[in-house]
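Have a look at structure-v2.pdb below; it lists PDB, C-alpha atoms, pLDDT in the B column.
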```pdb
ATOM      1  CA  MET N   1     204.594  36.368  46.900  1.00 43.00           C
ATOM      2  CA  PRO N   2     202.193  36.284  49.876  1.00 48.00           C
ATOM      3  CA  GLN N   3     201.496  39.607  51.605  1.00 54.00           C
ATOM      4  CA  LYS N   4     201.807  38.160  55.104  1.00 77.00           C
ATOM      5  CA  VAL N   5     205.179  36.701  56.005  1.00 78.00           C
ATOM      6  CA  LYS N   6     205.475  34.053  58.691  1.00 82.00           C
ATOM      7  CA  LEU N   7     208.287  35.213  60.944  1.00 82.00           C
ATOM      8  CA  THR N   8     209.692  31.752  61.597  1.00 85.00           C
ATOM      9  CA  ARG N   9     212.986  29.976  60.969  1.00 85.00           C
ATOM     10  CA  PRO N  10     211.521  27.520  58.380  1.00 86.00           C
ATOM     11  CA  GLU N  11     210.044  30.497  56.526  1.00 88.00           C
ATOM     12  CA  LEU N  12     213.457  32.160  56.572  1.00 88.00           C
ATOM     13  CA  LYS N  13     214.933  29.127  54.810  1.00 91.00           C
ATOM     14  CA  ARG N  14     212.165  29.142  52.201  1.00 92.00           C
ATOM     15  CA  TYR N  15     212.742  32.804  51.362  1.00 92.00           C
ATOM     16  CA  ARG N  16     216.498  32.290  51.234  1.00 92.00           C
ATOM     17  CA  ASP N  17     215.995  29.432  48.757  1.00 94.00           C
ATOM     18  CA  ARG N  18     213.645  31.540  46.629  1.00 93.00           C
ATOM     19  CA  LEU N  19     216.094  34.444  46.637  1.00 94.00           C
ATOM     20  CA  ALA N  20     218.961  32.132  45.671  1.00 95.00           C
ATOM     21  CA  ARG N  21     216.963  30.775  42.703  1.00 95.00           C
ATOM     22  CA  CYS N  22     216.099  34.270  41.497  1.00 95.00           C
ATOM     23  CA  GLU N  23     219.678  35.471  41.824  1.00 94.00           C
ATOM     24  CA  HIS N  24     220.828  32.360  39.956  1.00 95.00           C
ATOM     25  CA  TYR N  25     218.447  32.764  36.996  1.00 94.00           C
ATOM     26  CA  LEU N  26     218.548  36.560  36.692  1.00 96.00           C
ATOM     27  CA  PRO N  27     222.018  36.703  35.021  1.00 95.00           C
ATOM     28  CA  MET N  28     220.863  34.020  32.546  1.00 94.00           C
ATOM     29  CA  LEU N  29     217.777  36.059  31.708  1.00 95.00           C
ATOM     30  CA  LYS N  30     219.878  39.202  31.249  1.00 95.00           C
ATOM     31  CA  LEU N  31     222.269  37.318  28.970  1.00 95.00           C
ATOM     32  CA  LYS N  32     219.326  36.053  26.913  1.00 94.00           C
ATOM     33  CA  GLN N  33     217.940  39.600  26.753  1.00 95.00           C
ATOM     34  CA  GLN N  34     221.299  40.871  25.477  1.00 95.00           C
ATOM     35  CA  GLN N  35     221.542  38.108  22.857  1.00 94.00           C
ATOM     36  CA  LEU N  36     218.007  38.805  21.626  1.00 95.00           C
ATOM     37  CA  GLN N  37     218.658  42.544  21.420  1.00 95.00           C
ATOM     38  CA  ILE N  38     221.849  42.009  19.402  1.00 95.00           C
ATOM     39  CA  ARG N  39     220.109  39.578  17.062  1.00 94.00           C
ATOM     40  CA  LEU N  40     217.109  41.873  16.704  1.00 95.00           C
ATOM     41  CA  ARG N  41     219.315  44.808  15.696  1.00 95.00           C
ATOM     42  CA  ASP N  42     221.055  42.598  13.124  1.00 95.00           C
ATOM     43  CA  VAL N  43     217.768  41.318  11.687  1.00 95.00           C
ATOM     44  CA  ALA N  44     216.314  44.839  11.539  1.00 95.00           C
ATOM     45  CA  ALA N  45     219.397  46.059   9.667  1.00 96.00           C
ATOM     46  CA  ARG N  46     219.171  43.180   7.171  1.00 94.00           C
ATOM     47  CA  ARG N  47     215.438  43.767   6.747  1.00 95.00           C
ATOM     48  CA  ARG N  48     216.050  47.450   5.964  1.00 95.00           C
ATOM     49  CA  LYS N  49     218.773  46.444   3.502  1.00 95.00           C
ATOM     50  CA  ALA N  50     216.387  44.016   1.783  1.00 94.00           C
ATOM     51  CA  GLU N  51     213.691  46.699   1.637  1.00 95.00           C
ATOM     52  CA  GLN N  52     216.186  49.072   0.054  1.00 96.00           C
ATOM     53  CA  ALA N  53     217.082  46.345  -2.461  1.00 94.00           C
ATOM     54  CA  CYS N  54     213.384  46.101  -3.354  1.00 94.00           C
ATOM     55  CA  ARG N  55     213.229  49.835  -3.990  1.00 94.00           C
ATOM     56  CA  ASP N  56     216.419  49.764  -6.074  1.00 94.00           C
ATOM     57  CA  VAL N  57     215.163  46.905  -8.256  1.00 92.00           C
ATOM     58  CA  GLU N  58     211.769  48.549  -8.679  1.00 90.00           C
ATOM     59  CA  THR N  59     213.563  51.696  -9.854  1.00 90.00           C
ATOM     60  CA  ARG N  60     215.479  49.648 -12.432  1.00 86.00           C
ATOM     61  CA  LEU N  61     212.292  47.891 -13.528  1.00 84.00           C
ATOM     62  CA  ASP N  62     210.620  51.217 -14.194  1.00 83.00           C
ATOM     63  CA  GLY N  63     212.641  51.267 -17.398  1.00 75.00           C
ATOM     64  CA  TYR N  64     210.984  48.041 -18.559  1.00 71.00           C
ATOM     65  CA  ARG N  65     207.400  48.740 -17.569  1.00 70.00           C
ATOM     66  CA  GLY N  66     206.449  50.125 -20.927  1.00 68.00           C
ATOM     67  CA  VAL N  67     207.835  47.195 -22.942  1.00 67.00           C
ATOM     68  CA  LEU N  68     207.190  44.184 -20.694  1.00 65.00           C
ATOM     69  CA  GLY N  69     203.833  43.681 -22.352  1.00 61.00           C
ATOM     70  CA  ASP N  70     205.458  43.622 -25.796  1.00 57.00           C
ATOM     71  CA  VAL N  71     207.006  40.173 -25.215  1.00 58.00           C
ATOM     72  CA  SER N  72     204.208  38.086 -26.681  1.00 56.00           C
ATOM     73  CA  GLY N  73     203.831  34.604 -25.188  1.00 62.00           C
ATOM     74  CA  LEU N  74     206.776  34.956 -22.785  1.00 72.00           C
ATOM     75  CA  PRO N  75     205.512  34.586 -19.165  1.00 78.00           C
ATOM     76  CA  LEU N  76     208.138  36.675 -17.418  1.00 77.00           C
ATOM     77  CA  GLU N  77     205.928  37.093 -14.344  1.00 80.00           C
ATOM     78  CA  ARG N  78     205.598  33.319 -13.970  1.00 82.00           C
ATOM     79  CA  PHE N  79     209.316  32.777 -14.541  1.00 85.00           C
ATOM     80  CA  SER N  80     210.095  35.319 -11.846  1.00 86.00           C
ATOM     81  CA  ARG N  81     207.595  33.962  -9.315  1.00 89.00           C
ATOM     82  CA  PRO N  82     209.332  31.790  -6.643  1.00 91.00           C
ATOM     83  CA  GLU N  83     208.616  28.080  -6.685  1.00 90.00           C
ATOM     84  CA  LYS N  84     209.985  27.786  -3.188  1.00 92.00           C
ATOM     85  CA  VAL N  85     211.433  30.023  -0.482  1.00 93.00           C
ATOM     86  CA  VAL N  86     214.083  28.021   1.352  1.00 94.00           C
ATOM     87  CA  THR N  87     214.587  28.663   5.062  1.00 93.00           C
ATOM     88  CA  SER N  88     216.486  26.789   7.741  1.00 94.00           C
ATOM     89  CA  PRO N  89     215.869  26.519  11.490  1.00 94.00           C
ATOM     90  CA  ARG N  90     218.341  28.182  13.805  1.00 91.00           C
ATOM     91  CA  ASN N  91     218.470  28.389  17.582  1.00 92.00           C
ATOM     92  CA  ILE N  92     218.883  31.932  18.841  1.00 87.00           C
ATOM     93  CA  ALA N  93     219.047  32.401  22.618  1.00 84.00           C
ATOM     94  CA  GLY N  94     217.034  29.253  23.194  1.00 86.00           C
ATOM     95  CA  ILE N  95     214.298  29.885  20.632  1.00 89.00           C
ATOM     96  CA  GLU N  96     214.006  28.407  17.142  1.00 91.00           C
ATOM     97  CA  ILE N  97     213.570  30.757  14.215  1.00 91.00           C
ATOM     98  CA  GLN N  98     213.454  30.268  10.458  1.00 91.00           C
ATOM     99  CA  VAL N  99     216.356  31.954   8.655  1.00 91.00           C
ATOM    100  CA  TYR N 100     216.183  32.958   4.981  1.00 91.00           C
ATOM    101  CA  GLU N 101     218.470  30.937   2.712  1.00 92.00           C
ATOM    102  CA  GLU N 102     217.432  31.275  -0.940  1.00 92.00           C
ATOM    103  CA  VAL N 103     214.619  31.395  -3.489  1.00 93.00           C
ATOM    104  CA  VAL N 104     214.072  28.647  -6.055  1.00 93.00           C
ATOM    105  CA  PHE N 105     212.632  29.744  -9.385  1.00 91.00           C
ATOM    106  CA  PRO N 106     211.068  27.669 -12.177  1.00 89.00           C
ATOM    107  CA  GLU N 107     213.217  26.989 -15.197  1.00 87.00           C
ATOM    108  CA  ALA N 108     212.913  29.824 -17.727  1.00 80.00           C
ATOM    109  CA  SER N 109     212.863  28.290 -21.166  1.00 76.00           C
ATOM    110  CA  TYR N 110     212.694  30.673 -24.117  1.00 72.00           C
ATOM    111  CA  SER N 111     214.547  31.382 -27.339  1.00 67.00           C
ATOM    112  CA  LEU N 112     217.407  33.814 -27.015  1.00 67.00           C
ATOM    113  CA  PHE N 113     217.157  34.642 -30.700  1.00 65.00           C
ATOM    114  CA  ALA N 114     213.391  35.260 -30.792  1.00 65.00           C
ATOM    115  CA  THR N 115     213.313  37.664 -27.827  1.00 72.00           C
ATOM    116  CA  PRO N 116     214.641  41.212 -27.412  1.00 72.00           C
ATOM    117  CA  PRO N 117     218.078  41.537 -25.757  1.00 74.00           C
ATOM    118  CA  TRP N 118     216.646  43.336 -22.703  1.00 76.00           C
ATOM    119  CA  VAL N 119     214.506  40.319 -21.708  1.00 78.00           C
ATOM    120  CA  ASP N 120     217.360  38.553 -19.904  1.00 81.00           C
ATOM    121  CA  GLN N 121     218.070  41.606 -17.752  1.00 83.00           C
ATOM    122  CA  ALA N 122     214.375  42.196 -17.112  1.00 83.00           C
ATOM    123  CA  LEU N 123     213.932  38.606 -15.933  1.00 85.00           C
ATOM    124  CA  ALA N 124     217.021  38.899 -13.720  1.00 89.00           C
ATOM    125  CA  ASP N 125     215.618  42.095 -12.185  1.00 90.00           C
ATOM    126  CA  LEU N 126     212.177  40.561 -11.659  1.00 90.00           C
ATOM    127  CA  ARG N 127     213.769  37.599  -9.903  1.00 92.00           C
ATOM    128  CA  ALA N 128     215.943  39.907  -7.819  1.00 94.00           C
ATOM    129  CA  LEU N 129     212.780  41.716  -6.744  1.00 93.00           C
ATOM    130  CA  SER N 130     211.147  38.414  -5.789  1.00 94.00           C
ATOM    131  CA  GLN N 131     214.237  37.418  -3.810  1.00 94.00           C
ATOM    132  CA  ALA N 132     214.328  40.722  -1.950  1.00 94.00           C
ATOM    133  CA  ARG N 133     210.621  40.549  -1.157  1.00 94.00           C
ATOM    134  CA  ALA N 134     210.944  36.957   0.099  1.00 95.00           C
ATOM    135  CA  ALA N 135     213.874  37.996   2.289  1.00 95.00           C
ATOM    136  CA  VAL N 136     211.873  40.922   3.697  1.00 96.00           C
ATOM    137  CA  GLU N 137     208.950  38.627   4.490  1.00 95.00           C
ATOM    138  CA  VAL N 138     211.108  36.034   6.277  1.00 95.00           C
ATOM    139  CA  LEU N 139     213.054  38.720   8.163  1.00 96.00           C
ATOM    140  CA  CYS N 140     209.806  40.412   9.258  1.00 95.00           C
ATOM    141  CA  ARG N 141     208.566  37.114  10.683  1.00 95.00           C
ATOM    142  CA  GLU N 142     211.888  36.628  12.447  1.00 94.00           C
ATOM    143  CA  GLU N 143     211.637  40.147  13.882  1.00 95.00           C
ATOM    144  CA  GLU N 144     208.155  39.409  15.208  1.00 95.00           C
ATOM    145  CA  VAL N 145     209.326  36.219  16.943  1.00 95.00           C
ATOM    146  CA  LEU N 146     212.379  37.950  18.427  1.00 95.00           C
ATOM    147  CA  GLU N 147     210.401  40.981  19.603  1.00 96.00           C
ATOM    148  CA  ARG N 148     207.760  38.783  21.231  1.00 95.00           C
ATOM    149  CA  GLU N 149     210.419  36.713  23.020  1.00 96.00           C
ATOM    150  CA  LEU N 150     212.345  39.844  24.031  1.00 96.00           C
ATOM    151  CA  ARG N 151     209.219  41.379  25.597  1.00 96.00           C
ATOM    152  CA  HIS N 152     208.660  38.136  27.493  1.00 96.00           C
ATOM    153  CA  VAL N 153     212.260  38.072  28.781  1.00 96.00           C
ATOM    154  CA  ILE N 154     212.189  41.767  29.762  1.00 97.00           C
ATOM    155  CA  GLN N 155     208.989  41.148  31.734  1.00 97.00           C
ATOM    156  CA  HIS N 156     210.718  38.337  33.641  1.00 96.00           C
ATOM    157  CA  VAL N 157     213.840  40.450  34.252  1.00 97.00           C
ATOM    158  CA  ASN N 158     211.699  43.295  35.626  1.00 96.00           C
ATOM    159  CA  LEU N 159     209.693  40.852  37.744  1.00 96.00           C
ATOM    160  CA  PHE N 160     212.877  39.425  39.264  1.00 96.00           C
ATOM    161  CA  GLU N 161     214.689  42.752  39.702  1.00 95.00           C
ATOM    162  CA  LYS N 162     211.824  45.005  40.794  1.00 94.00           C
ATOM    163  CA  VAL N 163     209.420  42.657  42.573  1.00 94.00           C
ATOM    164  CA  LEU N 164     210.587  39.210  43.630  1.00 95.00           C
ATOM    165  CA  ILE N 165     214.186  39.863  44.728  1.00 95.00           C
ATOM    166  CA  PRO N 166     213.363  43.067  46.696  1.00 95.00           C
ATOM    167  CA  ASN N 167     210.359  41.355  48.331  1.00 93.00           C
ATOM    168  CA  TYR N 168     212.341  38.259  49.248  1.00 94.00           C
ATOM    169  CA  ARG N 169     215.165  40.373  50.693  1.00 93.00           C
ATOM    170  CA  ASP N 170     212.674  42.425  52.688  1.00 92.00           C
ATOM    171  CA  ALA N 171     211.006  39.261  54.011  1.00 92.00           C
ATOM    172  CA  ILE N 172     214.393  37.831  55.016  1.00 91.00           C
ATOM    173  CA  ARG N 173     215.273  41.108  56.779  1.00 91.00           C
ATOM    174  CA  ARG N 174     211.974  41.134  58.706  1.00 89.00           C
ATOM    175  CA  ILE N 175     212.312  37.497  59.734  1.00 88.00           C
ATOM    176  CA  ARG N 176     215.907  38.029  60.873  1.00 86.00           C
ATOM    177  CA  ILE N 177     214.855  41.030  62.968  1.00 85.00           C
ATOM    178  CA  ARG N 178     212.055  39.016  64.566  1.00 84.00           C
ATOM    179  CA  LEU N 179     214.298  36.004  65.242  1.00 81.00           C
ATOM    180  CA  GLY N 180     216.971  38.329  66.612  1.00 75.00           C
ATOM    181  CA  ASP N 181     214.446  39.956  68.936  1.00 70.00           C
ATOM    182  CA  GLU N 182     213.250  36.546  70.081  1.00 72.00           C
ATOM    183  CA  MET N 183     216.827  35.442  70.732  1.00 73.00           C
ATOM    184  CA  THR N 184     217.556  38.630  72.687  1.00 75.00           C
ATOM    185  CA  ALA N 185     214.378  38.130  74.693  1.00 69.00           C
ATOM    186  CA  ALA N 186     215.280  34.479  75.356  1.00 65.00           C
ATOM    187  CA  ILE N 187     218.736  35.455  76.561  1.00 71.00           C
ATOM    188  CA  GLY N 188     217.186  38.099  78.792  1.00 66.00           C
ATOM    189  CA  ARG N 189     214.753  35.589  80.262  1.00 70.00           C
ATOM    190  CA  ALA N 190     217.582  33.109  80.816  1.00 65.00           C
ATOM    191  CA  LYS N 191     219.599  35.724  82.701  1.00 69.00           C
ATOM    192  CA  ILE N 192     216.626  36.623  84.871  1.00 70.00           C
ATOM    193  CA  ALA N 193     215.976  32.965  85.636  1.00 64.00           C
ATOM    194  CA  LYS N 194     219.645  32.429  86.468  1.00 69.00           C
ATOM    195  CA  ALA N 195     219.643  35.450  88.769  1.00 63.00           C
ATOM    196  CA  ARG N 196     216.509  34.255  90.552  1.00 68.00           C
ATOM    197  CA  LEU N 197     217.984  30.792  90.966  1.00 66.00           C
ATOM    198  CA  ALA N 198     221.126  32.321  92.428  1.00 65.00           C
ATOM    199  CA  MET N 199     219.031  34.355  94.847  1.00 66.00           C
ATOM    200  CA  HIS N 200     217.202  31.226  96.018  1.00 64.00           C
ATOM    201  CA  LYS N 201     220.472  29.380  96.495  1.00 59.00           C
ATOM    202  CA  GLN N 202     222.121  32.116  98.606  1.00 61.00           C
ATOM    203  CA  PRO N 203     219.912  31.693 101.768  1.00 57.00           C
ATOM    204  CA  ALA N 204     220.299  27.919 101.647  1.00 52.00           C
ATOM    205  CA  ALA N 205     224.071  28.254 101.400  1.00 49.00           C
ATOM    206  CA  ALA N 206     224.139  30.695 104.323  1.00 48.00           C
ATOM    207  CA  GLU N 207     222.065  28.299 106.465  1.00 52.00           C
ATOM    208  CA  ARG N 208     224.414  25.409 105.698  1.00 53.00           C
ATOM    209  CA  LEU N 209     227.419  27.542 106.667  1.00 47.00           C
ATOM    210  CA  ARG N 210     225.757  28.574 109.983  1.00 49.00           C
ATOM    211  CA  ARG N 211     225.008  24.963 110.917  1.00 56.00           C
ATOM    212  CA  ALA N 212     228.529  23.866 110.103  1.00 53.00           C
ATOM    213  CA  SER N 213     230.007  26.511 112.392  1.00 53.00           C
ATOM    214  CA  VAL N 214     227.856  25.455 115.428  1.00 51.00           C
TER     215      VAL N 214
END
```
Show me, as structure tokens, the structure contained in the file I just sent.
Amino acid sequence: MPQKVKLTRPELKRYRDRLARCEHYLPMLKLKQQQLQIRLRDVAARRRKAEQACRDVETRLDGYRGVLGDVSGLPLERFSRPEKVVTSPRNIAGIEIQVYEEVVFPEASYSLFATPPWVDQALADLRALSQARAAVEVLCREEEVLERELRHVIQHVNLFEKVLIPNYRDAIRRIRIRLGDEMTAAIGRAKIAKARLAMHKQPAAAERLRRASV
């Protein structure tokens, strides 16, 4: 906003239009801010839950650490490594984010009779750990996008509330005062002119009355 305000009627209209636009968009920005904050809290809670799931699975896997190497020729690590992390786009408060859906694993082909009975559970736990880690990664990225957008929206809300709207209102007030003063001065000048005209007319009227009475 310019520092010097032109105290004119066209300038008054321009500032009124600017104020109207700000007051129109501010509620939308606040609604978007609220939606982002709600979504961010939800994502943070799900991210913490996924992180806790990682810790829980790692605790369970501690019981297999000593024997995982005993399964000769069975690539449990490869079987538990995701082939694909599936996400889907979703529009949240006007921005597109990728939402975690699932993890696709390679087919685990091995003999049930030639492997120890704990292998199935170990593979399930390893895959659960991969799923939880993939979810944490996707949720962290979503958090970053939401936090960045939220900061941007908050900056705009503060700009509107603390800078633009107060400045526009102050400019409108100053212009109205100036125009009001000018109108008062114009009315005063008009009254003075009218009084002077009346004073000039009075002698002429008196002269006409004197001549008519002769």
Could you name the residues that touch Lys49 (chain N) at 9 Å or less, counting all atoms listed in the file, but leaving out those on the same chain fewer than 5 positions away, as a PyMOL selection string?
-> chain N and resi 44+54+136
Which value, in Å to one decimal, gives the distance between CA of Gln37 (chain N) and CA of Ser88 (chain N)?
-> 21.0 Å
Give as an NGL selection string each residue that has an atom at most 12 Å from (209.1, 39.5, 55.5) in the file, counting all atoms listed in the file.
-> :N and (1-9 or 11-16 or 164-179)
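Picture a line from CA of Leu40 (chain N) to CA of His24 (chain N); it runs 25.4 Å.
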Decode the PyMOL selection byres ((chain N and resi 79) around 8) for the given file into explicit residues and return them as an NGL selection string.
-> :N and (75-78 or 80-82 or 105-108 or 123)
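For the residues N:Pro117, N:Glu161, N:Glu101, N:Leu61, ranking by smallest atom-to-atom distance to Glu23 (chain N) using all atoms listed in the file places N:Glu161 first.
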Selection result of the PyMOL selection byres ((chain N and resi 128) around 10) on this file, as number ranges by chain = N: 53-54, 57-58, 80, 103, 122-127, 129-134
